[in-house]
Every structure is written in C-alpha cells, then in structure tokens.
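Asker: So I've got this file, model_29.cif, and it contains mmCIF, C-alpha atoms and all ligand atoms:
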```
data_query
loop_
_atom_site.group_PDB
_atom_site.id
_atom_site.type_symbol
_atom_site.label_atom_id
_atom_site.label_comp_id
_atom_site.auth_asym_id
_atom_site.auth_seq_id
_atom_site.Cartn_x
_atom_site.Cartn_y
_atom_site.Cartn_z
ATOM 1 C CA MET A 296 0.000 0.000 0.000
ATOM 2 C CA ALA A 297 1.159 3.507 -0.727
ATOM 3 C CA GLY A 298 2.774 5.572 2.035
ATOM 4 C CA ALA A 299 2.416 9.233 2.922
ATOM 5 C CA ILE A 300 3.264 11.937 0.394
ATOM 6 C CA ARG A 301 5.841 14.269 1.906
ATOM 7 C CA LYS A 302 6.886 16.510 -0.961
ATOM 8 C CA ALA A 303 5.061 18.755 -3.389
ATOM 9 C CA VAL A 304 6.298 20.491 -6.515
ATOM 10 C CA PHE A 305 4.919 23.933 -7.432
ATOM 11 C CA PRO A 306 5.808 24.942 -10.998
ATOM 12 C CA VAL A 307 5.887 28.757 -10.813
ATOM 13 C CA ALA A 308 8.123 29.657 -13.739
ATOM 14 C CA GLY A 309 5.346 30.966 -16.016
ATOM 15 C CA LEU A 310 5.552 34.506 -17.363
ATOM 16 C CA GLY A 311 1.890 35.309 -16.833
ATOM 17 C CA THR A 312 1.520 36.839 -20.292
ATOM 18 C CA ARG A 313 -2.296 36.651 -20.105
ATOM 19 C CA PHE A 314 -2.206 39.120 -17.235
ATOM 20 C CA LEU A 315 0.070 41.750 -18.749
ATOM 21 C CA PRO A 316 0.536 44.529 -17.788
ATOM 22 C CA ALA A 317 -0.249 43.370 -14.201
ATOM 23 C CA THR A 318 2.604 40.852 -14.535
ATOM 24 C CA ARG A 319 5.223 43.190 -16.011
ATOM 25 C CA ALA A 320 7.025 43.084 -12.659
ATOM 26 C CA LEU A 321 4.764 40.912 -10.493
ATOM 27 C CA PRO A 322 4.963 37.102 -10.756
ATOM 28 C CA LYS A 323 1.545 35.681 -11.697
ATOM 29 C CA GLU A 324 1.502 33.623 -8.488
ATOM 30 C CA LEU A 325 1.531 36.825 -6.429
ATOM 31 C CA LEU A 326 -1.624 38.240 -8.025
ATOM 32 C CA PRO A 327 -4.096 38.635 -5.168
ATOM 33 C CA VAL A 328 -7.313 36.737 -4.635
ATOM 34 C CA LEU A 329 -8.999 38.709 -1.849
ATOM 35 C CA ASP A 330 -6.148 39.538 0.532
ATOM 36 C CA ARG A 331 -3.852 36.597 -0.293
ATOM 37 C CA PRO A 332 -1.651 35.957 -3.293
ATOM 38 C CA LEU A 333 -2.683 33.031 -5.462
ATOM 39 C CA ILE A 334 0.277 30.926 -4.336
ATOM 40 C CA ASP A 335 -0.896 31.026 -0.708
ATOM 41 C CA TYR A 336 -3.978 28.984 -1.530
ATOM 42 C CA ALA A 337 -1.948 26.130 -3.026
ATOM 43 C CA ILE A 338 0.566 26.270 -0.174
ATOM 44 C CA ALA A 339 -2.186 26.126 2.460
ATOM 45 C CA GLU A 340 -3.785 23.223 0.593
ATOM 46 C CA ALA A 341 -0.533 21.238 0.576
ATOM 47 C CA ARG A 342 0.304 21.985 4.204
ATOM 48 C CA GLU A 343 -3.215 21.019 5.333
ATOM 49 C CA ALA A 344 -2.728 17.723 3.503
ATOM 50 C CA GLY A 345 0.391 17.020 5.582
ATOM 51 C CA ILE A 346 3.032 17.850 2.972
ATOM 52 C CA GLU A 347 6.317 18.753 4.654
ATOM 53 C CA ARG A 348 8.488 20.048 1.863
ATOM 54 C CA LEU A 349 7.410 22.533 -0.803
ATOM 55 C CA ILE A 350 9.578 22.603 -3.922
ATOM 56 C CA PHE A 351 9.181 25.746 -6.013
ATOM 57 C CA VAL A 352 10.390 25.617 -9.604
ATOM 58 C CA THR A 353 11.019 29.222 -10.548
ATOM 59 C CA GLY A 354 12.037 30.964 -13.765
ATOM 60 C CA LEU A 355 13.154 34.574 -13.745
ATOM 61 C CA GLU A 356 15.418 35.397 -10.811
ATOM 62 C CA ALA A 357 13.435 38.559 -10.040
ATOM 63 C CA ASN A 358 10.250 36.489 -9.731
ATOM 64 C CA ALA A 359 11.971 33.986 -7.448
ATOM 65 C CA ASP A 360 13.189 36.815 -5.224
ATOM 66 C CA MET A 361 9.702 38.276 -4.878
ATOM 67 C CA LEU A 362 8.267 34.874 -4.067
ATOM 68 C CA LYS A 363 10.940 34.269 -1.419
ATOM 69 C CA SER A 364 10.223 37.690 0.108
ATOM 70 C CA HIS A 365 6.570 36.782 0.341
ATOM 71 C CA LEU A 366 7.204 33.382 1.945
ATOM 72 C CA ASN A 367 9.739 34.748 4.445
ATOM 73 C CA LEU A 368 9.391 38.447 5.017
ATOM 74 C CA PRO A 369 12.780 40.204 4.740
ATOM 75 C CA GLY A 370 14.034 41.766 7.991
ATOM 76 C CA ASP A 371 13.902 45.385 6.772
ATOM 77 C CA ARG A 372 10.223 45.144 5.754
ATOM 78 C CA ARG A 373 9.372 43.400 9.007
ATOM 79 C CA ALA A 374 11.146 46.120 11.012
ATOM 80 C CA VAL A 375 9.284 48.941 9.240
ATOM 81 C CA LEU A 376 5.904 47.237 9.662
ATOM 82 C CA GLU A 377 6.528 46.414 13.314
ATOM 83 C CA ALA A 378 7.702 49.960 14.051
ATOM 84 C CA LYS A 379 4.416 51.225 12.635
ATOM 85 C CA ASP A 380 2.291 48.750 14.584
ATOM 86 C CA PRO A 381 3.987 46.416 17.116
ATOM 87 C CA GLU A 382 0.853 44.262 17.173
ATOM 88 C CA LEU A 383 1.552 43.198 13.590
ATOM 89 C CA GLY A 384 4.624 41.264 14.754
ATOM 90 C CA PRO A 385 3.064 37.924 15.738
ATOM 91 C CA ALA A 386 0.857 37.765 12.627
ATOM 92 C CA LEU A 387 3.810 38.549 10.354
ATOM 93 C CA ALA A 388 5.920 35.873 12.037
ATOM 94 C CA ALA A 389 3.101 33.311 11.884
ATOM 95 C CA ALA A 390 2.761 33.840 8.121
ATOM 96 C CA ASP A 391 6.436 32.947 7.519
ATOM 97 C CA LEU A 392 7.071 29.388 6.396
ATOM 98 C CA PRO A 393 9.153 27.491 8.996
ATOM 99 C CA PRO A 394 12.819 27.065 8.006
ATOM 100 C CA GLY A 395 13.488 24.211 5.596
ATOM 101 C CA VAL A 396 9.908 23.849 4.379
ATOM 102 C CA ALA A 397 10.367 25.778 1.123
ATOM 103 C CA VAL A 398 13.133 24.894 -1.329
ATOM 104 C CA PHE A 399 13.792 26.429 -4.723
ATOM 105 C CA VAL A 400 15.155 25.213 -8.010
ATOM 106 C CA THR A 401 15.508 27.196 -11.222
ATOM 107 C CA GLN A 402 14.109 26.157 -14.582
ATOM 108 C CA GLU A 403 16.771 27.679 -16.789
ATOM 109 C CA GLU A 404 14.727 27.591 -20.005
ATOM 110 C CA PRO A 405 10.939 27.794 -20.493
ATOM 111 C CA LEU A 406 10.562 24.362 -22.110
ATOM 112 C CA GLY A 407 7.141 23.473 -20.687
ATOM 113 C CA LEU A 408 5.381 22.132 -17.610
ATOM 114 C CA GLY A 409 6.956 18.685 -17.945
ATOM 115 C CA HIS A 410 10.419 20.191 -18.028
ATOM 116 C CA ALA A 411 9.618 22.323 -14.959
ATOM 117 C CA VAL A 412 8.617 19.202 -12.996
ATOM 118 C CA TRP A 413 11.755 17.403 -14.240
ATOM 119 C CA CYS A 414 13.849 20.237 -12.761
ATOM 120 C CA ALA A 415 12.650 19.125 -9.293
ATOM 121 C CA ARG A 416 13.878 15.521 -9.713
ATOM 122 C CA GLU A 417 16.846 15.741 -7.345
ATOM 123 C CA LEU A 418 14.865 17.499 -4.636
ATOM 124 C CA VAL A 419 12.072 14.914 -4.884
ATOM 125 C CA GLY A 420 14.301 11.843 -5.018
ATOM 126 C CA ASP A 421 12.922 8.333 -5.235
ATOM 127 C CA GLU A 422 9.475 8.665 -3.688
ATOM 128 C CA PRO A 423 5.917 9.438 -4.816
ATOM 129 C CA PHE A 424 5.214 13.159 -4.745
ATOM 130 C CA ALA A 425 2.514 15.735 -5.386
ATOM 131 C CA VAL A 426 2.351 18.443 -8.045
ATOM 132 C CA LEU A 427 0.130 21.498 -7.578
ATOM 133 C CA LEU A 428 -0.432 24.064 -10.318
ATOM 134 C CA PRO A 429 -1.257 27.260 -8.397
ATOM 135 C CA ASP A 430 -3.297 28.639 -11.331
ATOM 136 C CA ASP A 431 -5.980 26.167 -10.365
ATOM 137 C CA LEU A 432 -7.361 27.498 -7.102
ATOM 138 C CA MET A 433 -9.160 24.648 -5.362
ATOM 139 C CA ASP A 434 -11.774 25.594 -2.802
ATOM 140 C CA ALA A 435 -12.293 22.202 -1.185
ATOM 141 C CA ASP A 436 -12.592 20.607 2.220
ATOM 142 C CA PRO A 437 -10.774 18.271 2.700
ATOM 143 C CA PRO A 438 -8.074 19.903 0.552
ATOM 144 C CA ALA A 439 -8.058 18.670 -3.034
ATOM 145 C CA ILE A 440 -4.499 17.341 -2.903
ATOM 146 C CA GLY A 441 -5.409 15.544 0.351
ATOM 147 C CA GLN A 442 -8.283 13.857 -1.487
ATOM 148 C CA LEU A 443 -5.841 12.677 -4.165
ATOM 149 C CA ILE A 444 -3.380 11.446 -1.546
ATOM 150 C CA GLY A 445 -6.233 9.491 0.042
ATOM 151 C CA ALA A 446 -7.113 7.938 -3.328
ATOM 152 C CA HIS A 447 -3.441 7.123 -3.942
ATOM 153 C CA GLY A 448 -3.395 5.402 -0.537
ATOM 154 C CA THR A 449 -6.077 3.045 -1.845
ATOM 155 C CA THR A 450 -4.967 2.478 -5.429
ATOM 156 C CA GLY A 451 -1.222 3.134 -5.334
ATOM 157 C CA GLY A 452 0.360 4.298 -8.590
ATOM 158 C CA ASN A 453 -0.387 7.629 -10.206
ATOM 159 C CA VAL A 454 -3.523 9.644 -9.436
ATOM 160 C CA VAL A 455 -4.522 12.872 -11.180
ATOM 161 C CA ALA A 456 -7.427 15.216 -10.407
ATOM 162 C CA VAL A 457 -10.048 15.377 -13.149
ATOM 163 C CA GLU A 458 -13.225 17.342 -13.755
ATOM 164 C CA GLU A 459 -15.829 17.408 -16.517
ATOM 165 C CA VAL A 460 -15.044 20.271 -18.888
ATOM 166 C CA SER A 461 -17.097 21.416 -21.865
ATOM 167 C CA ARG A 462 -16.208 19.795 -25.168
ATOM 168 C CA GLU A 463 -15.335 23.110 -26.793
ATOM 169 C CA ASP A 464 -12.675 23.574 -24.095
ATOM 170 C CA THR A 465 -10.762 20.282 -24.469
ATOM 171 C CA ALA A 466 -7.872 22.068 -26.228
ATOM 172 C CA ARG A 467 -7.150 23.900 -22.960
ATOM 173 C CA TYR A 468 -6.571 20.735 -20.923
ATOM 174 C CA GLY A 469 -4.925 17.371 -20.616
ATOM 175 C CA ILE A 470 -7.781 14.922 -21.302
ATOM 176 C CA LEU A 471 -8.149 11.449 -19.804
ATOM 177 C CA ASP A 472 -9.254 8.436 -21.842
ATOM 178 C CA PRO A 473 -11.446 6.609 -19.309
ATOM 179 C CA GLY A 474 -11.603 2.919 -18.514
ATOM 180 C CA GLU A 475 -13.471 1.489 -15.539
ATOM 181 C CA VAL A 476 -15.221 3.883 -13.173
ATOM 182 C CA ALA A 477 -15.654 3.211 -9.435
ATOM 183 C CA GLY A 478 -17.072 6.108 -7.410
ATOM 184 C CA GLY A 479 -14.800 9.097 -7.952
ATOM 185 C CA LEU A 480 -12.030 6.932 -9.408
ATOM 186 C CA VAL A 481 -11.633 6.576 -13.169
ATOM 187 C CA GLU A 482 -9.086 4.182 -14.578
ATOM 188 C CA ALA A 483 -6.871 5.935 -17.154
ATOM 189 C CA LYS A 484 -6.412 4.097 -20.455
ATOM 190 C CA GLY A 485 -4.665 7.072 -22.007
ATOM 191 C CA LEU A 486 -3.969 10.788 -21.638
ATOM 192 C CA VAL A 487 -3.811 13.412 -24.375
ATOM 193 C CA GLU A 488 -2.563 16.975 -24.005
ATOM 194 C CA LYS A 489 -4.878 19.665 -25.382
ATOM 195 C CA PRO A 490 -6.760 17.649 -28.037
ATOM 196 C CA ALA A 491 -9.147 19.405 -30.421
ATOM 197 C CA PRO A 492 -12.800 18.807 -29.391
ATOM 198 C CA GLU A 493 -13.330 16.271 -32.196
ATOM 199 C CA ASP A 494 -10.218 14.291 -31.171
ATOM 200 C CA ALA A 495 -10.743 14.310 -27.391
ATOM 201 C CA PRO A 496 -11.280 10.775 -25.981
ATOM 202 C CA SER A 497 -13.626 12.212 -23.306
ATOM 203 C CA THR A 498 -14.401 15.496 -21.571
ATOM 204 C CA LEU A 499 -12.533 14.601 -18.377
ATOM 205 C CA GLY A 500 -9.969 17.374 -17.986
ATOM 206 C CA LEU A 501 -6.861 17.310 -15.796
ATOM 207 C CA ILE A 502 -7.100 20.145 -13.313
ATOM 208 C CA GLY A 503 -3.656 20.804 -11.915
ATOM 209 C CA ARG A 504 -3.339 18.350 -9.034
ATOM 210 C CA TYR A 505 -1.250 15.190 -9.336
ATOM 211 C CA VAL A 506 0.214 12.401 -7.172
ATOM 212 C CA LEU A 507 2.969 10.809 -9.224
ATOM 213 C CA LEU A 508 5.467 8.009 -8.948
ATOM 214 C CA PRO A 509 9.121 9.075 -9.276
ATOM 215 C CA GLY A 510 9.352 7.015 -12.477
ATOM 216 C CA VAL A 511 7.854 10.021 -14.262
ATOM 217 C CA PHE A 512 11.276 11.731 -14.110
ATOM 218 C CA ALA A 513 12.819 9.128 -16.437
ATOM 219 C CA GLU A 514 9.984 9.702 -18.905
ATOM 220 C CA LEU A 515 10.353 13.478 -18.654
ATOM 221 C CA GLY A 516 14.112 13.117 -19.114
ATOM 222 C CA ARG A 517 13.527 11.876 -22.672
ATOM 223 C CA PHE A 518 12.741 15.543 -23.442
ATOM 224 C CA GLU A 519 10.184 14.598 -26.082
ATOM 225 C CA ARG A 520 8.326 17.611 -27.396
ATOM 226 C CA GLY A 521 4.537 17.517 -27.487
ATOM 227 C CA ALA A 522 1.680 19.996 -27.854
ATOM 228 C CA GLY A 523 2.916 23.526 -28.526
ATOM 229 C CA GLY A 524 6.476 22.209 -28.989
ATOM 230 C CA GLU A 525 6.796 21.889 -25.199
ATOM 231 C CA ILE A 526 7.897 19.029 -22.932
ATOM 232 C CA GLN A 527 4.503 18.031 -21.570
ATOM 233 C CA LEU A 528 3.815 16.402 -18.205
ATOM 234 C CA THR A 529 0.737 14.777 -19.717
ATOM 235 C CA ASP A 530 2.820 12.937 -22.355
ATOM 236 C CA ALA A 531 5.282 11.590 -19.768
ATOM 237 C CA MET A 532 2.384 10.410 -17.592
ATOM 238 C CA ALA A 533 0.695 8.777 -20.575
ATOM 239 C CA ARG A 534 3.807 6.660 -21.166
ATOM 240 C CA MET A 535 3.579 5.343 -17.583
ATOM 241 C CA ILE A 536 0.120 3.841 -18.126
ATOM 242 C CA GLY A 537 0.395 0.072 -18.008
ATOM 243 C CA THR A 538 3.545 0.119 -15.871
ATOM 244 C CA ALA A 539 1.653 0.938 -12.633
ATOM 245 C CA PRO A 540 -1.961 1.737 -11.691
ATOM 246 C CA PHE A 541 -3.099 5.068 -13.170
ATOM 247 C CA HIS A 542 -6.337 6.743 -12.137
ATOM 248 C CA GLY A 543 -8.183 9.999 -12.485
ATOM 249 C CA PHE A 544 -9.990 11.150 -9.362
ATOM 250 C CA LYS A 545 -12.953 13.504 -9.376
ATOM 251 C CA THR A 546 -12.094 15.775 -6.472
ATOM 252 C CA LEU A 547 -14.951 17.307 -4.488
ATOM 253 C CA GLY A 548 -15.062 21.085 -4.220
ATOM 254 C CA ARG A 549 -14.871 24.020 -6.588
ATOM 255 C CA ARG A 550 -12.044 24.872 -8.955
ATOM 256 C CA TYR A 551 -11.337 28.367 -10.162
ATOM 257 C CA ASP A 552 -9.142 28.554 -13.253
ATOM 258 C CA CYS A 553 -7.039 31.537 -12.215
ATOM 259 C CA GLY A 554 -4.907 31.130 -15.336
ATOM 260 C CA THR A 555 -7.625 33.124 -17.134
ATOM 261 C CA LYS A 556 -8.971 36.590 -16.360
ATOM 262 C CA ALA A 557 -12.546 35.311 -16.107
ATOM 263 C CA GLY A 558 -11.473 32.571 -13.678
ATOM 264 C CA LEU A 559 -9.428 34.927 -11.522
ATOM 265 C CA ILE A 560 -12.360 37.339 -11.286
ATOM 266 C CA ALA A 561 -14.752 34.454 -10.526
ATOM 267 C CA ALA A 562 -12.418 33.352 -7.708
ATOM 268 C CA GLN A 563 -12.467 36.852 -6.227
ATOM 269 C CA ILE A 564 -16.245 37.000 -6.337
ATOM 270 C CA GLY A 565 -16.863 33.379 -5.337
ATOM 271 C CA LEU A 566 -14.594 33.518 -2.296
ATOM 272 C CA ALA A 567 -15.864 36.972 -1.296
ATOM 273 C CA LEU A 568 -19.467 35.754 -1.389
ATOM 274 C CA LYS A 569 -18.485 32.876 0.940
ATOM 275 C CA ASP A 570 -16.968 35.286 3.469
ATOM 276 C CA PRO A 571 -19.616 36.757 5.799
ATOM 277 C CA ALA A 572 -17.431 39.824 6.389
ATOM 278 C CA LEU A 573 -17.338 40.628 2.655
ATOM 279 C CA ARG A 574 -20.541 39.170 1.234
ATOM 280 C CA GLY A 575 -22.939 42.084 1.903
ATOM 281 C CA GLY A 576 -20.586 44.792 0.660
ATOM 282 C CA VAL A 577 -19.641 42.884 -2.480
ATOM 283 C CA GLN A 578 -23.271 42.053 -3.303
ATOM 284 C CA GLU A 579 -24.269 45.674 -2.869
ATOM 285 C CA ASN A 580 -21.422 46.885 -5.083
ATOM 286 C CA LEU A 581 -22.257 44.335 -7.784
ATOM 287 C CA ARG A 582 -25.956 45.249 -7.636
ATOM 288 C CA SER A 583 -25.311 48.943 -8.076
ATOM 289 C CA ALA A 584 -22.787 48.319 -10.870
ATOM 290 C CA GLY A 585 -25.355 45.949 -12.456
ATOM 291 C CA ARG A 586 -27.979 48.699 -12.499
ATOM 292 C CA GLU A 587 -25.623 50.794 -14.616
ATOM 293 C CA TRP A 588 -25.228 48.006 -17.188
ATOM 294 C CA GLU A 589 -28.991 47.534 -17.682
HETATM 295 C C1 LIG B 601 -1.535 22.494 -17.808
HETATM 296 C C2 LIG B 601 -1.423 21.030 -18.240
HETATM 297 C C3 LIG B 601 -2.792 20.500 -18.646
HETATM 298 C C4 LIG B 601 -3.789 20.708 -17.521
HETATM 299 C C5 LIG B 601 -3.829 22.185 -17.112
HETATM 300 C C6 LIG B 601 -4.683 22.364 -15.873
HETATM 301 O O1 LIG B 601 -1.866 23.262 -18.948
HETATM 302 O O2 LIG B 601 -0.502 20.923 -19.303
HETATM 303 O O3 LIG B 601 -2.695 19.130 -18.945
HETATM 304 O O4 LIG B 601 -5.072 20.277 -17.935
HETATM 305 O O5 LIG B 601 -2.515 22.664 -16.810
HETATM 306 O O6 LIG B 601 -4.767 23.700 -15.486
HETATM 307 P P1 LIG B 601 -1.680 24.863 -18.968
HETATM 308 O O7 LIG B 601 -2.894 25.424 -18.267
HETATM 309 O O8 LIG B 601 -0.419 25.181 -18.250
HETATM 310 O O9 LIG B 601 -1.656 25.245 -20.410
#
```
Can the structure in the file be given as structure tokens, please?
Ligand code: G1P
Answerer:
Amino acid sequence: MAGAIRKAVFPVAGLGTRFLPATRALPKELLPVLDRPLIDYAIAEAREAGIERLIFVTGLEANADMLKSHLNLPGDRRAVLEAKDPELGPALAAADLPPGVAVFVTQEEPLGLGHAVWCARELVGDEPFAVLLPDDLMDADPPAIGQLIGAHGTTGGNVVAVEEVSREDTARYGILDPGEVAGGLVEAKGLVEKPAPEDAPSTLGLIGRYVLLPGVFAELGRFERGAGGEIQLTDAMARMIGTAPFHGFKTLGRRYDCGTKAGLIAAQIGLALKDPALRGGVQENLRSAGREWE
C-alpha cells in the first residue's frame, strides 16, 4: 500500500503573459485573490494535507526573489511594519514558512510544464510526490491534494485530479481516456494533451493536481516535445500507463481557473461571497454596478 506523500512540486516559472501589464514586474503567483496571493492557496492546501516540503520551480530570478520575500518576510520590511504597529509582529511571524519547508530550483529555459517538474527531480528523489499548479485554485474541504493522496493510498500508482469540462474547451486541458469507473475513481487508459474537441477521448480534464510516482522523471528526461512544442507532463504520464496503476480522481469542491482573467475574477467574487465579512458589501457593489449596465 502507498505511504504518505511528503513533498510537493509547485511549478511557478510561467511569465503570466495573459495578465500583462499586471505581470510586467509581479509574478503571476503573487496576483491577489482577496487579501492573499494566489500561491498562498496552493501552499495552504498542501500543508493542510500534511506535505512537509514545498519545492518551487522558478524561472526569472526577479520572480523567485519576490516569491521568497513573500514566503519569508525580509528583515527590513518586518522592522518597518513592526515599528508602525507592534501588534503586527506575531501575525507577520506566523505567516512565515518554517525554516526548511520551502526549497527552490531554477528552470533555466521555459521548455514546458513537464520540463519544470523534471527540474525538481533531485529534490524529490525516489518517492511518490505531489504536483500542484497554483493557477488552479481549489476551494475544497478536505483539501483537493489531500483527497488525491487518500485515493493514492487506496490504489497506489499515479492519481490525477479530473473534472468534466465542456467539449469546446478540451484544447485547454490534458484529457483522460477513461476505462473502468468506481465512485470518484476513473481508470486511465490514455492521456492526451490539449486535443481538439473532435479528437478528445472524453471530456474529463486534468485540473492541476497530481500524485505521481518518481518514475515520471525518467519519462520526462527523454525531453520529447509535445503539444505547442513543449515538454509536456501529460505525455510523460501517458507513457507510464500500463507500468503501474493510473487513475483519475474527481475531487470534491470548486475549482477556479485563475490562469484566465474570467477565472481569476470568478475566484475573487466566489470567495468573497463565501466570506460573511465581505458578502454584503460585495453584493451591494455588484448590484449597483449591475444597475448601470442595464
Ligand atoms: C496544464 C497542463 C494541462 C492541464 C492544465 C490544468 O496546462 O498541461 O494538462 O489540464 O494545466 O490547469 P496549462 O494550463 O499550463 O496550459
């Protein structure tokens, strides 16, 4: 039976071109959703699921520096904030990640998601691990990656989160070719990265949460180019089917696709409407803006 998952990889080397000019200087993962940057949601999800080591695969050095400053507040910023309001001190300290939890590795060239995950191979070592794509904000209890880890505990092998997507959107996702279905588990017979709607083997889309066997690194290390000329994680995973169990798992909860403007805005509104302290004010603002559109 599968053991605990201790490590998670966060590919955060993207350039965030869809969000320009907001991302001219700011890494996409630091765009806010309510009062927290996007990355915080994925980190909290992993930590709640018991993951001990967070491996960030970063691109531009400037982006890595900003991310590090967010995860562990630099002393000069802390000093200025504490001088202004000494009561901020404990909250600022509590928000720092404990030493040793976060580790960083650089993806030297933007060769695709699969290549980014491959860059973490030495930090992961020879054990099953999780991958979380922070663009997919998962509002779920228990945490989505915890649900996958639970499924992996039952089935062993590789487990990837899936969700029904609309057929016209298959070219935005990795798509699973389904075999047997048992509850939320769907046996994977194949995986295809971003197929055209007419070529998609189903409408089960991969949604940015994975529990993978370390054997995926050997597949990624073949550096085969796939969709968009990139080294695709989906292709490496597809080649593992048949060598070990491989399942999709329909996670419970809501996903916001914060890789798109509409998804990021939906996350802001959806999470605000769940928060009793924000709900009334947001509803009122939307209502009065709505009256202007009519
Ligand atoms: C990546 C993966 C894709 C997956 C998607 C989920 O695509 O390559 O298989 O379905 O994330 O968000 P990207 O969104 O980076 O183009």
Asker: Give the answer as one residue: which of A:Leu333, A:Ala522, A:Ala308, A:Ile502 has the shortest atom-to-atom distance to Val352 in chain A, using all atoms listed in the file?
Answerer: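 Smallest distance to Val352 in chain A is found for A:Ala308.
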Asker: Can you tell me which residues come within 7 Å of ligand LIG 601 (chain B) when counting only C-alpha atoms and all ligand atoms, ideally as a ChimeraX atom specification?
Answerer: /A:408,428,430-431,467-470,488-489,500-503,527-529,552,554
Asker: Got time to write the residues from that selection, C-alpha atoms, as a compact mmCIF listing (two decimals), in the frame of the given file?
Answerer:
```
# COMPACT_ATOMS: atom_id res chain seq x y z
CA LEU A 408 5.38 22.13 -17.61
CA LEU A 428 -0.43 24.06 -10.32
CA ASP A 430 -3.30 28.64 -11.33
CA ASP A 431 -5.98 26.17 -10.36
CA ARG A 467 -7.15 23.90 -22.96
CA TYR A 468 -6.57 20.74 -20.92
CA GLY A 469 -4.92 17.37 -20.62
CA ILE A 470 -7.78 14.92 -21.30
CA GLU A 488 -2.56 16.98 -24.00
CA LYS A 489 -4.88 19.66 -25.38
CA GLY A 500 -9.97 17.37 -17.99
CA LEU A 501 -6.86 17.31 -15.80
CA ILE A 502 -7.10 20.14 -13.31
CA GLY A 503 -3.66 20.80 -11.92
CA GLN A 527 4.50 18.03 -21.57
CA LEU A 528 3.82 16.40 -18.20
CA THR A 529 0.74 14.78 -19.72
CA ASP A 552 -9.14 28.55 -13.25
CA GLY A 554 -4.91 31.13 -15.34
```
Asker: Which distance in Å separates CA of Pro393 in chain A and CA of Lys363 in chain A, to one decimal?
Answerer: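 A separation of 12.6 Å between them.
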Asker: Find, counting all atoms listed in the file, the residue in A:Leu321, A:Ile444, A:Leu383, A:Arg517 that gets nearest to Asp360 in chain A.
Answerer: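 Among the listed residues, the smallest separation from Asp360 in chain A belongs to A:Leu321.
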Asker: On this structure, the PyMOL selection byres (((chain A and resi 337) around 8) and not hetatm) would catch which residues? List them as a VMD selection string, sorted by chain and number.
Answerer: chain A and resid 333 to 336 338 to 341 427 to 429 432 to 433
Asker: Could you please determine the separation between CA of Leu376 in chain A and CA of Ala572 in chain A in Å, to one decimal place?
Answerer: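 For CA of Leu376 in chain A relative to CA of Ala572 in chain A, the distance reads 24.7 Å.
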Asker: Between A:Ala425, A:Leu443, A:Leu355, A:Ala539, which residue has the minimum interatomic distance to Glu403 in chain A, considering only C-alpha atoms?
Answerer: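 Using only C-alpha atoms, Glu403 in chain A sits closest to A:Leu355.
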Asker: Would you write out, as a PyMOL selection string, every residue that the PyMOL selection byres (((chain A and resi 300-304) around 10) and not hetatm) captures in this file?
Answerer: chain A and resi 297-299+305-307+338+341-342+344-352+396-399+411-416+418-420+422-428+440-441+444-445+447-448+505-507
Asker: List every protein, DNA or RNA residue that has at least one atom no more than 7 Å from (-9.7, 23.5, -6.3) in the file's coordinates, counting all atoms listed in the file, and write the result as a PyMOL selection string.
Answerer: chain A and resi 431-435+439+548-551
Asker: Can you write out the residues you just picked, keeping C-alpha atoms, as a PDB file, keeping the file's coordinate frame?
Answerer:
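Listing of again.pdb after writing:
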```
ATOM      1  CA  ASP A 431      -5.980  26.167 -10.365  1.00  0.00           C
ATOM      2  CA  LEU A 432      -7.361  27.498  -7.102  1.00  0.00           C
ATOM      3  CA  MET A 433      -9.160  24.648  -5.362  1.00  0.00           C
ATOM      4  CA  ASP A 434     -11.774  25.594  -2.802  1.00  0.00           C
ATOM      5  CA  ALA A 435     -12.293  22.202  -1.185  1.00  0.00           C
ATOM      6  CA  ALA A 439      -8.058  18.670  -3.034  1.00  0.00           C
ATOM      7  CA  GLY A 548     -15.062  21.085  -4.220  1.00  0.00           C
ATOM      8  CA  ARG A 549     -14.871  24.020  -6.588  1.00  0.00           C
ATOM      9  CA  ARG A 550     -12.044  24.872  -8.955  1.00  0.00           C
ATOM     10  CA  TYR A 551     -11.337  28.367 -10.162  1.00  0.00           C
TER      11      TYR A 551
END
```
Asker: Extract, using all atoms listed in the file, all DNA, RNA and protein residues at most 10 Å from Leu310 in chain A, discarding same-chain residues fewer than 2 positions from it, and format them as an MDAnalysis selection string.
Answerer: chainID A and resid 307:308 312:315 318:324 354:355 358 405
Asker: Mind giving me the straight-line distance from CA of Ala378 in chain A to CA of Asp391 in chain A in Å, one decimal?
Answerer: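 Distance reported for this atom pair: 18.3 Å.
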